[in-house]
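Source file: my_file_37.csv (CSV, C-alpha atoms and all ligand atoms)
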```
chain,number,residue,atom,x,y,z
V,1,MET,CA,103.2,90.9,137.5
V,2,GLN,CA,100.3,90.7,135.1
V,3,SER,CA,101.0,90.0,131.4
V,4,LYS,CA,100.5,92.9,129.1
V,5,ILE,CA,98.2,92.5,126.2
V,6,ILE,CA,97.0,94.8,123.4
V,7,LEU,CA,93.3,95.0,122.5
V,8,TYR,CA,92.9,96.5,119.0
V,9,LYS,CA,89.1,96.4,118.5
V,10,LYS,CA,86.2,97.8,120.5
V,11,VAL,CA,84.6,95.2,122.8
V,12,SER,CA,81.7,95.5,125.3
V,13,ASN,CA,82.4,96.3,128.9
V,14,ASP,CA,82.0,92.7,130.2
V,15,VAL,CA,84.6,91.4,127.7
V,16,LEU,CA,86.9,94.2,128.7
V,17,ALA,CA,86.4,93.3,132.3
V,18,MET,CA,87.3,89.7,131.6
V,19,LEU,CA,90.6,90.8,130.0
V,20,LYS,CA,91.4,93.3,132.7
V,21,ALA,CA,90.8,90.7,135.4
V,22,ARG,CA,93.7,88.8,134.1
V,23,PHE,CA,95.9,91.2,132.1
V,24,GLN,CA,97.3,94.7,131.9
V,25,VAL,CA,95.3,95.9,128.9
V,26,THR,CA,96.4,98.6,126.4
V,27,GLN,CA,93.4,99.5,124.2
V,28,PHE,CA,93.1,100.8,120.7
V,29,ASP,CA,89.7,100.9,118.9
V,30,THR,CA,91.4,99.9,115.7
V,31,ILE,CA,94.8,100.5,114.1
V,32,ASN,CA,95.1,103.3,111.6
V,33,ALA,CA,97.6,105.8,110.2
V,34,THR,CA,97.0,108.0,113.3
V,35,ASN,CA,97.8,105.5,116.0
V,36,HIS,CA,100.1,103.1,114.1
V,37,ASP,CA,103.3,104.3,115.7
V,38,ALA,CA,101.8,104.2,119.2
V,39,PHE,CA,100.7,100.6,118.5
V,40,ILE,CA,104.2,99.6,117.3
V,41,ALA,CA,105.7,101.2,120.5
V,42,GLU,CA,103.3,99.3,122.7
V,43,LEU,CA,104.2,96.0,121.0
V,44,ALA,CA,107.7,95.9,122.5
V,45,THR,CA,106.4,94.6,125.9
V,46,ALA,CA,103.1,92.9,124.8
V,47,GLU,CA,102.7,89.1,125.4
V,48,GLY,CA,99.2,88.9,123.8
V,49,LEU,CA,97.2,90.6,121.0
V,50,ILE,CA,93.4,90.5,120.6
V,51,GLY,CA,91.4,92.1,117.9
V,52,ALA,CA,90.2,91.9,114.3
V,53,SER,CA,90.3,93.4,110.8
V,54,VAL,CA,94.0,94.5,110.9
V,55,LYS,CA,96.7,92.8,108.8
V,56,ILE,CA,99.3,91.6,111.3
V,57,ASP,CA,102.4,91.4,109.1
V,58,ALA,CA,106.1,90.6,109.6
V,59,ALA,CA,106.9,94.3,110.4
V,60,ILE,CA,104.4,94.3,113.3
V,61,LEU,CA,105.6,91.0,114.6
V,62,ASP,CA,109.3,92.1,114.4
V,63,ALA,CA,108.3,94.9,116.8
V,64,ALA,CA,106.8,92.4,119.3
V,65,PRO,CA,109.6,90.2,120.6
V,66,ASN,CA,107.7,89.0,123.7
V,67,LEU,CA,104.5,88.0,121.9
V,68,LYS,CA,103.2,84.5,122.8
V,69,ALA,CA,99.6,84.5,121.5
V,70,ILE,CA,97.3,86.3,119.1
V,71,SER,CA,93.6,85.9,119.5
V,72,THR,CA,91.6,87.0,116.5
V,73,ILE,CA,87.9,87.9,116.9
V,74,SER,CA,87.0,86.1,113.7
V,75,VAL,CA,87.1,82.6,112.3
V,76,GLY,CA,88.9,83.8,109.2
V,77,ILE,CA,92.7,83.9,109.6
V,78,ASP,CA,93.6,85.6,106.3
V,79,GLN,CA,95.1,88.6,108.2
V,80,PHE,CA,97.9,86.4,109.4
V,81,ASP,CA,100.7,84.2,108.1
V,82,PRO,CA,100.2,81.0,110.3
V,83,ALA,CA,103.5,79.4,109.2
V,84,ASP,CA,105.5,82.6,110.2
V,85,LEU,CA,103.7,82.7,113.5
V,86,THR,CA,104.7,79.0,114.1
V,87,GLN,CA,108.3,79.9,113.3
V,88,ARG,CA,108.2,82.7,115.8
V,89,GLY,CA,106.6,80.5,118.5
V,90,ILE,CA,103.4,82.5,118.6
V,91,VAL,CA,100.0,80.7,118.9
V,92,LEU,CA,97.1,82.0,116.7
V,93,LEU,CA,93.6,81.4,118.0
V,94,ASN,CA,90.2,82.0,116.2
V,95,THR,CA,86.5,81.9,117.0
V,96,PRO,CA,84.9,79.0,115.0
V,97,ASP,CA,81.3,77.7,115.5
V,98,VAL,CA,80.0,80.7,117.5
V,99,LEU,CA,79.4,82.7,114.2
V,100,THR,CA,78.4,79.8,111.9
V,101,GLN,CA,74.6,80.0,112.0
V,102,THR,CA,74.5,83.8,111.8
V,103,THR,CA,76.9,83.9,108.8
V,104,ALA,CA,74.8,81.2,107.1
V,105,ASP,CA,71.7,83.4,107.7
V,106,THR,CA,73.5,86.2,105.9
V,107,GLY,CA,74.2,83.8,103.0
V,108,PHE,CA,70.6,82.9,102.8
V,109,ALA,CA,69.4,86.5,103.1
V,110,LEU,CA,71.6,87.2,100.0
V,111,ILE,CA,70.2,84.2,98.1
V,112,LEU,CA,66.6,85.3,98.8
V,113,ALA,CA,67.4,89.0,98.2
V,114,THR,CA,69.0,88.4,94.8
V,115,ALA,CA,66.5,85.8,93.6
V,116,ARG,CA,63.5,87.8,94.6
V,117,ARG,CA,65.0,91.2,93.9
V,118,VAL,CA,64.1,92.3,97.4
V,119,VAL,CA,66.4,95.4,97.6
V,120,GLU,CA,65.6,96.6,94.1
V,121,MET,CA,61.9,96.2,94.7
V,122,ALA,CA,62.0,97.9,98.0
V,123,ASP,CA,63.9,100.8,96.3
V,124,TYR,CA,61.2,100.8,93.6
V,125,VAL,CA,58.4,101.3,96.2
V,126,ARG,CA,60.4,103.9,98.1
V,127,ALA,CA,60.9,105.9,94.9
V,128,GLY,CA,57.2,106.0,94.4
V,129,ASN,CA,57.2,103.9,91.3
V,130,TRP,CA,54.6,101.4,92.5
V,131,LYS,CA,51.6,102.8,90.6
V,132,HIS,CA,49.9,99.6,89.3
V,133,SER,CA,49.9,95.9,90.0
V,134,ILE,CA,53.4,94.8,89.1
V,135,GLY,CA,54.2,92.8,86.0
V,136,PRO,CA,56.8,90.4,84.7
V,137,ASP,CA,59.4,93.1,84.6
V,138,CYS,CA,59.4,93.0,88.4
V,139,PHE,CA,59.3,89.2,88.8
V,140,GLY,CA,62.1,87.3,90.4
V,141,THR,CA,63.1,83.6,90.3
V,142,ASP,CA,62.3,80.7,92.7
V,143,VAL,CA,64.8,79.5,95.3
V,144,GLN,CA,62.9,76.5,96.5
V,145,GLY,CA,63.6,73.3,94.5
V,146,LYS,CA,66.6,74.8,92.7
V,147,THR,CA,70.3,73.6,92.9
V,148,LEU,CA,72.7,75.2,95.2
V,149,GLY,CA,76.5,74.8,94.7
V,150,ILE,CA,78.6,75.3,97.9
V,151,ILE,CA,82.3,76.1,97.4
V,152,GLY,CA,83.8,75.1,100.8
V,153,MET,CA,81.5,72.7,102.7
V,154,GLY,CA,82.9,73.4,106.2
V,155,ARG,CA,81.0,74.8,109.2
V,156,ILE,CA,79.4,77.7,107.4
V,157,GLY,CA,78.9,75.9,104.1
V,158,GLY,CA,77.2,73.1,106.1
V,159,ALA,CA,74.9,75.5,107.8
V,160,VAL,CA,73.9,77.1,104.4
V,161,ALA,CA,73.4,73.5,103.1
V,162,ARG,CA,71.1,72.7,106.0
V,163,ARG,CA,68.9,75.8,105.3
V,164,ALA,CA,68.9,74.9,101.5
V,165,ALA,CA,68.2,71.2,101.7
V,166,LEU,CA,65.8,71.0,104.8
V,167,GLY,CA,64.2,74.4,104.5
V,168,PHE,CA,63.9,75.1,100.8
V,169,GLY,CA,64.0,71.6,99.3
V,170,MET,CA,67.1,72.4,97.2
V,171,ARG,CA,69.5,70.0,95.7
V,172,VAL,CA,73.0,70.6,97.2
V,173,LEU,CA,76.3,70.2,95.3
V,174,TYR,CA,79.6,71.0,97.0
V,175,THR,CA,83.3,71.2,96.4
V,176,ASN,CA,86.1,70.8,98.9
V,177,ARG,CA,89.6,69.4,98.9
V,178,SER,CA,88.2,66.3,100.7
V,179,PRO,CA,84.7,64.9,100.8
V,180,ASN,CA,82.3,65.8,103.7
V,181,PRO,CA,80.4,62.6,104.5
V,182,ALA,CA,78.4,64.2,107.3
V,183,ALA,CA,77.0,66.8,104.8
V,184,GLU,CA,76.4,64.1,102.3
V,185,GLN,CA,74.3,62.1,104.8
V,186,ALA,CA,72.5,65.0,106.4
V,187,TYR,CA,71.7,67.1,103.3
V,188,SER,CA,72.1,64.6,100.4
V,189,ALA,CA,74.9,66.9,99.3
V,190,ARG,CA,76.9,65.7,96.3
V,191,PHE,CA,80.7,66.1,96.1
V,192,THR,CA,81.2,67.7,92.7
V,193,ALA,CA,84.3,69.0,90.8
V,194,LEU,CA,84.3,72.8,90.8
V,195,ASP,CA,83.8,73.2,87.0
V,196,ASP,CA,80.8,70.8,87.1
V,197,LEU,CA,79.3,72.6,90.1
V,198,LEU,CA,79.6,76.0,88.3
V,199,LYS,CA,78.0,74.6,85.1
V,200,THR,CA,75.1,73.0,87.0
V,201,ALA,CA,74.1,75.1,90.0
V,202,ASP,CA,71.4,77.8,89.9
V,203,PHE,CA,73.0,79.5,93.0
V,204,VAL,CA,76.7,79.3,93.9
V,205,CYS,CA,77.7,80.2,97.4
V,206,VAL,CA,81.4,80.8,98.3
V,207,THR,CA,82.3,79.7,101.8
V,208,VAL,CA,85.9,78.6,101.4
V,209,PRO,CA,88.6,80.4,103.4
V,210,LEU,CA,90.9,82.9,101.7
V,211,THR,CA,94.3,81.3,101.3
V,212,PRO,CA,97.0,81.5,98.6
V,213,GLU,CA,95.2,78.6,96.9
V,214,THR,CA,91.7,80.1,96.9
V,215,GLN,CA,92.7,83.7,96.0
V,216,GLY,CA,91.1,84.4,92.6
V,217,MET,CA,89.7,80.8,92.4
V,218,ILE,CA,86.5,82.2,90.7
V,219,GLY,CA,87.9,84.1,87.7
V,220,ALA,CA,86.8,84.9,84.2
V,221,ARG,CA,87.1,81.2,83.1
V,222,GLU,CA,85.0,80.0,86.1
V,223,LEU,CA,82.4,82.7,85.7
V,224,ALA,CA,82.0,81.8,82.0
V,225,LEU,CA,81.0,78.2,83.0
V,226,MET,CA,78.0,79.5,85.0
V,227,PRO,CA,74.7,79.5,83.1
V,228,ALA,CA,73.2,83.0,82.5
V,229,HIS,CA,70.4,82.4,85.0
V,230,ALA,CA,72.8,81.6,87.8
V,231,ILE,CA,73.4,83.8,90.9
V,232,LEU,CA,76.7,84.1,92.7
V,233,ILE,CA,76.8,84.7,96.5
V,234,ASN,CA,80.0,85.4,98.4
V,235,ILE,CA,80.0,85.4,102.2
V,236,SER,CA,83.6,84.5,102.7
V,237,ARG,CA,86.3,86.9,101.5
V,238,GLY,CA,86.2,89.2,98.5
V,239,SER,CA,89.6,88.2,97.0
V,240,ILE,CA,88.4,84.7,96.3
V,241,ILE,CA,86.5,86.1,93.4
V,242,ASP,CA,88.3,88.1,90.7
V,243,GLU,CA,86.2,91.3,91.1
V,244,PRO,CA,87.0,92.9,87.7
V,245,ALA,CA,86.1,89.6,86.0
V,246,LEU,CA,82.8,89.5,88.0
V,247,ILE,CA,82.0,93.1,87.0
V,248,ALA,CA,82.7,92.2,83.3
V,249,ALA,CA,80.6,89.0,83.6
V,250,LEU,CA,77.7,90.9,85.1
V,251,GLU,CA,78.0,93.7,82.5
V,252,LYS,CA,77.8,91.1,79.7
V,253,GLY,CA,74.7,89.5,81.3
V,254,GLN,CA,76.6,86.3,81.8
V,255,LEU,CA,75.0,85.9,85.3
V,256,ARG,CA,71.6,86.8,86.7
V,257,GLY,CA,73.1,88.6,89.7
V,258,ALA,CA,75.4,88.5,92.7
V,259,GLY,CA,75.0,88.8,96.4
V,260,LEU,CA,78.2,90.1,98.0
V,261,ASP,CA,78.9,90.5,101.7
V,262,VAL,CA,82.6,90.9,101.1
V,263,PHE,CA,84.9,92.7,98.6
V,264,ALA,CA,88.5,92.7,97.5
V,265,GLN,CA,88.9,96.1,99.1
V,266,GLU,CA,86.9,97.0,102.2
V,267,PRO,CA,85.1,99.3,102.5
V,268,VAL,CA,84.2,98.9,98.8
V,269,SER,CA,84.8,102.1,96.8
V,270,ALA,CA,81.6,104.1,96.2
V,271,ASP,CA,82.7,104.2,92.6
V,272,SER,CA,82.6,100.4,92.1
V,273,PRO,CA,80.5,99.5,89.1
V,274,LEU,CA,79.0,96.7,91.3
V,275,LEU,CA,77.1,99.4,93.3
V,276,ARG,CA,75.4,100.7,90.2
V,277,MET,CA,74.0,97.3,89.2
V,278,LYS,CA,70.4,96.6,90.2
V,279,ASN,CA,71.0,92.9,90.2
V,280,VAL,CA,73.8,93.1,92.7
V,281,VAL,CA,73.0,93.1,96.5
V,282,ALA,CA,76.1,94.5,98.3
V,283,LEU,CA,76.4,94.4,102.1
V,284,PRO,CA,79.1,95.9,104.3
V,285,HIS,CA,80.6,92.6,105.6
V,286,ILE,CA,77.8,91.8,108.0
V,287,GLY,CA,78.2,88.0,107.9
V,288,SER,CA,78.4,87.6,111.7
V,289,ALA,CA,77.1,91.1,112.6
V,290,THR,CA,74.4,90.5,115.2
V,291,HIS,CA,74.6,91.8,118.7
V,292,GLU,CA,74.5,88.2,120.1
V,293,THR,CA,77.1,86.7,117.7
V,294,ARG,CA,79.6,89.6,117.9
V,295,HIS,CA,79.4,89.4,121.7
V,296,GLY,CA,79.8,85.6,121.6
V,297,MET,CA,82.9,86.0,119.3
V,298,ALA,CA,84.5,88.5,121.6
V,299,VAL,CA,83.9,86.3,124.7
V,300,CYS,CA,85.4,83.3,122.9
V,301,ALA,CA,88.4,85.3,121.8
V,302,ALA,CA,89.0,86.7,125.3
V,303,GLN,CA,88.8,83.2,126.7
V,304,ASN,CA,91.2,81.9,124.0
V,305,LEU,CA,93.8,84.5,125.0
V,306,ILE,CA,93.4,83.8,128.7
V,307,ASP,CA,93.8,80.1,128.1
V,308,ALA,CA,96.8,80.5,125.8
V,309,LEU,CA,98.7,82.8,128.1
V,310,ASP,CA,97.9,80.4,131.0
V,311,GLY,CA,99.7,77.8,128.9
V,312,LYS,CA,96.5,75.7,128.3
V,313,LYS,CA,96.1,73.9,125.0
V,314,SER,CA,93.1,75.2,123.0
V,315,THR,CA,91.0,73.5,120.3
V,316,ASN,CA,90.8,77.0,118.8
V,317,ALA,CA,94.6,77.2,118.1
V,318,VAL,CA,94.9,77.2,114.3
V,319,ASN,CA,98.7,77.1,113.7
V,320,PRO,CA,100.8,74.1,114.4
V,321,GLN,CA,103.1,74.6,117.5
V,322,ARG,CA,106.8,73.6,117.5
U,401,LIG,P1,85.8,75.8,107.7
U,401,LIG,O1,84.8,75.1,108.6
U,401,LIG,O2,87.2,75.6,107.8
U,401,LIG,O3,85.3,75.5,106.2
U,401,LIG,C1,86.0,75.8,105.1
U,401,LIG,C2,85.8,74.8,104.0
U,401,LIG,O4,86.5,75.1,102.8
U,401,LIG,C3,86.3,73.4,104.4
U,401,LIG,O5,85.2,72.5,104.2
U,401,LIG,C4,87.5,73.1,103.6
U,401,LIG,O6,87.5,71.7,103.3
U,401,LIG,C5,87.2,73.9,102.3
U,401,LIG,N1,88.5,74.4,101.7
U,401,LIG,C6,89.6,74.9,102.2
U,401,LIG,N2,90.5,75.1,101.3
U,401,LIG,C7,90.0,74.7,100.1
U,401,LIG,C8,90.4,74.7,98.8
U,401,LIG,N3,91.6,75.2,98.5
U,401,LIG,N4,89.6,74.3,97.8
U,401,LIG,C9,88.4,73.8,98.1
U,401,LIG,N5,87.9,73.8,99.4
U,401,LIG,C10,88.7,74.2,100.4
U,401,LIG,O7,85.5,77.4,107.9
U,401,LIG,P2,84.2,78.1,108.2
U,401,LIG,O8,84.1,78.3,109.7
U,401,LIG,O9,83.0,77.5,107.5
U,401,LIG,O10,84.5,79.6,107.6
U,401,LIG,C11,84.8,79.8,106.3
U,401,LIG,C12,85.2,81.2,105.9
U,401,LIG,O11,84.1,82.1,106.0
U,401,LIG,C13,86.2,81.8,106.9
U,401,LIG,O12,87.5,81.4,106.6
U,401,LIG,C14,86.0,83.3,106.7
U,401,LIG,O13,86.8,83.8,105.7
U,401,LIG,C15,84.6,83.4,106.2
U,401,LIG,N6,83.7,84.1,107.1
U,401,LIG,C16,83.1,85.3,106.7
U,401,LIG,C17,82.2,85.9,107.5
U,401,LIG,C18,81.6,87.2,107.1
U,401,LIG,O14,81.4,88.1,107.9
U,401,LIG,N7,81.2,87.3,105.8
U,401,LIG,C19,81.9,85.4,108.8
U,401,LIG,C20,82.6,84.3,109.2
U,401,LIG,C21,83.4,83.6,108.3
U,401,LIG,P3,88.8,70.9,102.8
U,401,LIG,O15,89.8,71.2,103.9
U,401,LIG,O16,88.4,69.5,102.7
U,401,LIG,O17,89.2,71.5,101.5
```

Could you render the structure as structure tokens?
Amino acid sequence: MQSKIILYKKVSNDVLAMLKARFQVTQFDTINATNHDAFIAELATAEGLIGASVKIDAAILDAAPNLKAISTISVGIDQFDPADLTQRGIVLLNTPDVLTQTTADTGFALILATARRVVEMADYVRAGNWKHSIGPDCFGTDVQGKTLGIIGMGRIGGAVARRAALGFGMRVLYTNRSPNPAAEQAYSARFTALDDLLKTADFVCVTVPLTPETQGMIGARELALMPAHAILINISRGSIIDEPALIAALEKGQLRGAGLDVFAQEPVSADSPLLRMKNVVALPHIGSATHETRHGMAVCAAQNLIDALDGKKSTNAVNPQR
């Protein structure tokens, strides 16, 4: 008999066919208040889960006694407790690499958009305000030749560093728990303590994963270290930055601006003061959101689940197995 799996995100027909060729598939487009009970009921007999953007907590896992593998269609694993999954004998698999370049592109789009005020100036034209040749009140600031500080020099941080160092002649500083010699060699990146990086960089880009250690790692104290001309970019997870502290810093003019793909609460509330600030570029978590990359992620996740339930070891397994 085929193993039963639950798919909890919409995927393209070819990915669905891949899963259906191997499993009995129960499908949900997402999990919400309307279908939560039906999802819980289906978990009783499921051996695999595949999806994204839903917190998989202990209550959900308690309802899934036969679960062997969870394949998340993301590289971030902050919706899971990997140690708990290990305890329960469940393997967690993610989709690294396939989204690295696209997410780095989003980071660089935010660097350029905030520095050159692209969204604000496009709105200015659209509103019919462009009546004369523009003056200094519409000028931005250069990106090329400046200093970029990367918080979390991993796959995505490295891809942002490559664009910065090789494309824009930027000096690259970075912070990690351990040095990254490959990035030092390829991009002349300098391993720098977080406080020094914040004091020195013209642009700071957050690419560290959200973990108990990194939650709120950029708070009021850290924001106060940044020079007033600096711009903060976050393409990782919203809760790494203390959002009220960021709002306060921007309101006080402590920073030139911010480029945010991610927020503490998503979707961000339409009432957020961040959305009223002209020097903030806010995106709806589009880091990896291109047709090609989202498809590649879904294929990778489907293959991860097939391999895991076939008992194959996967390099994309992220929690230690007992
Ligand atoms: P990665 O290769 O694992 O890189 C993460 C880096 O952060 C590593 O260099 C790691 O180095 C460093 N790090 C981890 N914990 C740290 C800590 N406590 N203090 C300082 N540095 C720390 O991951 P990735 O593939 O680049 O992805 C990074 C994150 O991007 C994901 O977790 C996800 O949340 C986010 N993401 C967002 C989007 C989006 O749509 N906006 C898309 C894809 C990914 P050390 O281990 O040496 O510290």

- Message: So, with all atoms listed in the file as the atoms that count, which of V:Val268, V:Leu309, V:Val206, V:Leu67 lies closest to Phe108 in chain V?
- Response: V:Val206

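Distances to Arg256 in chain V were evaluated for V:Pro96, V:Gly216, V:Pro65, V:Gly140 using only C-alpha atoms, and the minimum falls at V:Gly140.
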
Give me, as a tab-separated table, the closest atom pair and its distance (Å, one decimal) for every residue of chain V within a cut-off of 7 Å of ligand LIG 401 (chain U), counting all atoms listed in the file, rows sorted by chain and rising number.
```
residue	atom	partner	partner_atom	distance
V:Ser74	CA	U:LIG401	C20	6.5
V:Val75	CA	U:LIG401	C13	5.5
V:Gly76	CA	U:LIG401	O12	3.8
V:Ile77	CA	U:LIG401	O12	6.5
V:Pro96	CA	U:LIG401	O8	5.4
V:Asp97	CA	U:LIG401	O8	6.5
V:Leu99	CA	U:LIG401	C20	6.1
V:Thr100	CA	U:LIG401	O8	6.3
V:Thr103	CA	U:LIG401	C19	5.2
V:Ile151	CA	U:LIG401	N5	6.4
V:Gly152	CA	U:LIG401	O4	3.4
V:Met153	CA	U:LIG401	O5	4.0
V:Gly154	CA	U:LIG401	O5	3.2
V:Arg155	CA	U:LIG401	O9	3.8
V:Ile156	CA	U:LIG401	O9	3.6
V:Gly157	CA	U:LIG401	O9	5.6
V:Thr175	CA	U:LIG401	C9	6.0
V:Asn176	CA	U:LIG401	N5	3.5
V:Arg177	CA	U:LIG401	O17	3.4
V:Ser178	CA	U:LIG401	O16	3.8
V:Pro179	CA	U:LIG401	O16	6.2
V:Thr207	CA	U:LIG401	C11	5.1
V:Val208	CA	U:LIG401	O4	3.8
V:Pro209	CA	U:LIG401	O12	3.5
V:Leu210	CA	U:LIG401	O13	5.8
V:Glu213	CA	U:LIG401	N3	5.2
V:Thr214	CA	U:LIG401	N3	5.2
V:Ile235	CA	U:LIG401	N7	4.2
V:Ser236	CA	U:LIG401	C15	3.8
V:Arg237	CA	U:LIG401	O13	5.2
V:Asp261	CA	U:LIG401	N7	5.7
V:Val262	CA	U:LIG401	N7	6.1
V:His285	CA	U:LIG401	O14	5.1
V:Ile286	CA	U:LIG401	O14	5.2
V:Gly287	CA	U:LIG401	O14	3.2
V:Ser288	CA	U:LIG401	O14	4.9
```

Output for the residues just chosen: C-alpha atoms as a tab-separated table (two decimals), in the frame of the given file:
```tsv
chain	number	residue	atom	x	y	z
V	74	SER	CA	87.00	86.10	113.70
V	75	VAL	CA	87.10	82.60	112.30
V	76	GLY	CA	88.90	83.80	109.20
V	77	ILE	CA	92.70	83.90	109.60
V	96	PRO	CA	84.90	79.00	115.00
V	97	ASP	CA	81.30	77.70	115.50
V	99	LEU	CA	79.40	82.70	114.20
V	100	THR	CA	78.40	79.80	111.90
V	103	THR	CA	76.90	83.90	108.80
V	151	ILE	CA	82.30	76.10	97.40
V	152	GLY	CA	83.80	75.10	100.80
V	153	MET	CA	81.50	72.70	102.70
V	154	GLY	CA	82.90	73.40	106.20
V	155	ARG	CA	81.00	74.80	109.20
V	156	ILE	CA	79.40	77.70	107.40
V	157	GLY	CA	78.90	75.90	104.10
V	175	THR	CA	83.30	71.20	96.40
V	176	ASN	CA	86.10	70.80	98.90
V	177	ARG	CA	89.60	69.40	98.90
V	178	SER	CA	88.20	66.30	100.70
V	179	PRO	CA	84.70	64.90	100.80
V	207	THR	CA	82.30	79.70	101.80
V	208	VAL	CA	85.90	78.60	101.40
V	209	PRO	CA	88.60	80.40	103.40
V	210	LEU	CA	90.90	82.90	101.70
V	213	GLU	CA	95.20	78.60	96.90
V	214	THR	CA	91.70	80.10	96.90
V	235	ILE	CA	80.00	85.40	102.20
V	236	SER	CA	83.60	84.50	102.70
V	237	ARG	CA	86.30	86.90	101.50
V	261	ASP	CA	78.90	90.50	101.70
V	262	VAL	CA	82.60	90.90	101.10
V	285	HIS	CA	80.60	92.60	105.60
V	286	ILE	CA	77.80	91.80	108.00
V	287	GLY	CA	78.20	88.00	107.90
V	288	SER	CA	78.40	87.60	111.70
```

- Message: Please determine, counting only C-alpha atoms, which residue among V:Arg88, V:Arg126, V:His229, V:Arg276 has the shortest atom-to-atom distance to Lys199 in chain V.
- Response: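 The closest residue to Lys199 in chain V is V:His229.
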
- Task: Please indicate the distance in Å from CA of Ile231 in chain V to CA of Gln101 in chain V, rounded to one decimal place.
- Result: 21.5 Å

- Query: So which residues are close to (69.4, 91.8, 98.0), meaning at most 10 Å away in the file's coordinates with all atoms listed in the file counted, and can you show them as a list of chain:residue names?
  - Reply: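 Those residues lying close to the given coordinates are V:Ala109, V:Leu110, V:Ile111, V:Leu112, V:Ala113, V:Thr114, V:Ala115, V:Arg116, V:Arg117, V:Val118, V:Val119, V:Glu120, V:Met121, V:Ala122, V:Gly257, V:Ala258, V:Gly259, V:Leu260, V:Lys278, V:Asn279, V:Val280, V:Val281, V:Ala282, V:Leu283.
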
- Task: Skip Gly296 in chain V itself and residues of its chain fewer than 3 positions away, then list as JSON, numbers by chain all residues within 8 Å of it, counting all atoms listed in the file.
- Result: {"V": [98, 99, 292, 293, 299, 300]}

- Which value, in Å to one decimal, gives the distance between CA of Glu243 in chain V and CA of Asp195 in chain V?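 CA of Glu243 in chain V sits 18.7 Å away from CA of Asp195 in chain V.
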
- Item | Within 12 Å of Gln87 in chain V using all atoms listed in the file, minus same-chain residues under 2 positions, as number ranges by chain | V: 58, 61, 68, 81-85, 89-92, 319-322

- Item | Straight-line distance linking CA of Glu184 in chain V with CA of Ile150 in chain V, stated in Å to one decimal |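 If I compute the distance from CA of Glu184 in chain V to CA of Ile150 in chain V, I get 12.2 Å.
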
- Item | Shortest interatomic distance to Ala228 in chain V - which of V:Ala245, V:Leu250, V:Leu93, V:Met18, counting only C-alpha atoms |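 That would be V:Leu250, the residue with the smallest distance to Ala228 in chain V.
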
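Nearest to Ser314 in chain V of all the residues V:Ala301, V:Leu7, V:Ile40, V:Ala220 is V:Ala301, based on all atoms listed in the file.
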
- Message: With distances taken over only C-alpha atoms, which residue among V:Gln27, V:Gln185, V:Asn316, V:Gln144 lies nearest Asp202 in chain V?
- Response: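 Nearest candidate to Asp202 in chain V out of V:Gln27, V:Gln185, V:Asn316, V:Gln144: V:Gln144.
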
- Task: Excluding Arg221 in chain V and any residue of its chain fewer than 3 positions from it, enumerate the residues within 12 Å of it, using all atoms listed in the file, and give them as an NGL selection string.
- Result: :V and (194-195 or 198-199 or 216-218 or 224-226 or 241-242 or 245-246 or 248-249 or 254)

Convert the current residue selection to file output with C-alpha atoms, as a short mmCIF file (atom, residue, chain, number, x, y, z; two decimals), keeping the file's coordinate frame.
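This went into part_6.cif:
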```cif
data_model
loop_
_atom_site.label_atom_id
_atom_site.label_comp_id
_atom_site.auth_asym_id
_atom_site.auth_seq_id
_atom_site.Cartn_x
_atom_site.Cartn_y
_atom_site.Cartn_z
CA LEU V 194 84.30 72.80 90.80
CA ASP V 195 83.80 73.20 87.00
CA LEU V 198 79.60 76.00 88.30
CA LYS V 199 78.00 74.60 85.10
CA GLY V 216 91.10 84.40 92.60
CA MET V 217 89.70 80.80 92.40
CA ILE V 218 86.50 82.20 90.70
CA ALA V 224 82.00 81.80 82.00
CA LEU V 225 81.00 78.20 83.00
CA MET V 226 78.00 79.50 85.00
CA ILE V 241 86.50 86.10 93.40
CA ASP V 242 88.30 88.10 90.70
CA ALA V 245 86.10 89.60 86.00
CA LEU V 246 82.80 89.50 88.00
CA ALA V 248 82.70 92.20 83.30
CA ALA V 249 80.60 89.00 83.60
CA GLN V 254 76.60 86.30 81.80
#
```

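The residues that lie within 8 Å of the point (92.0, 89.9, 118.1), counting all atoms listed in the file, are Leu7, Tyr8, Lys9, Leu49, Ile50, Gly51, Ala52, Ile70, Ser71, Thr72, Ile73, Ser74 and Ala301 of chain V.
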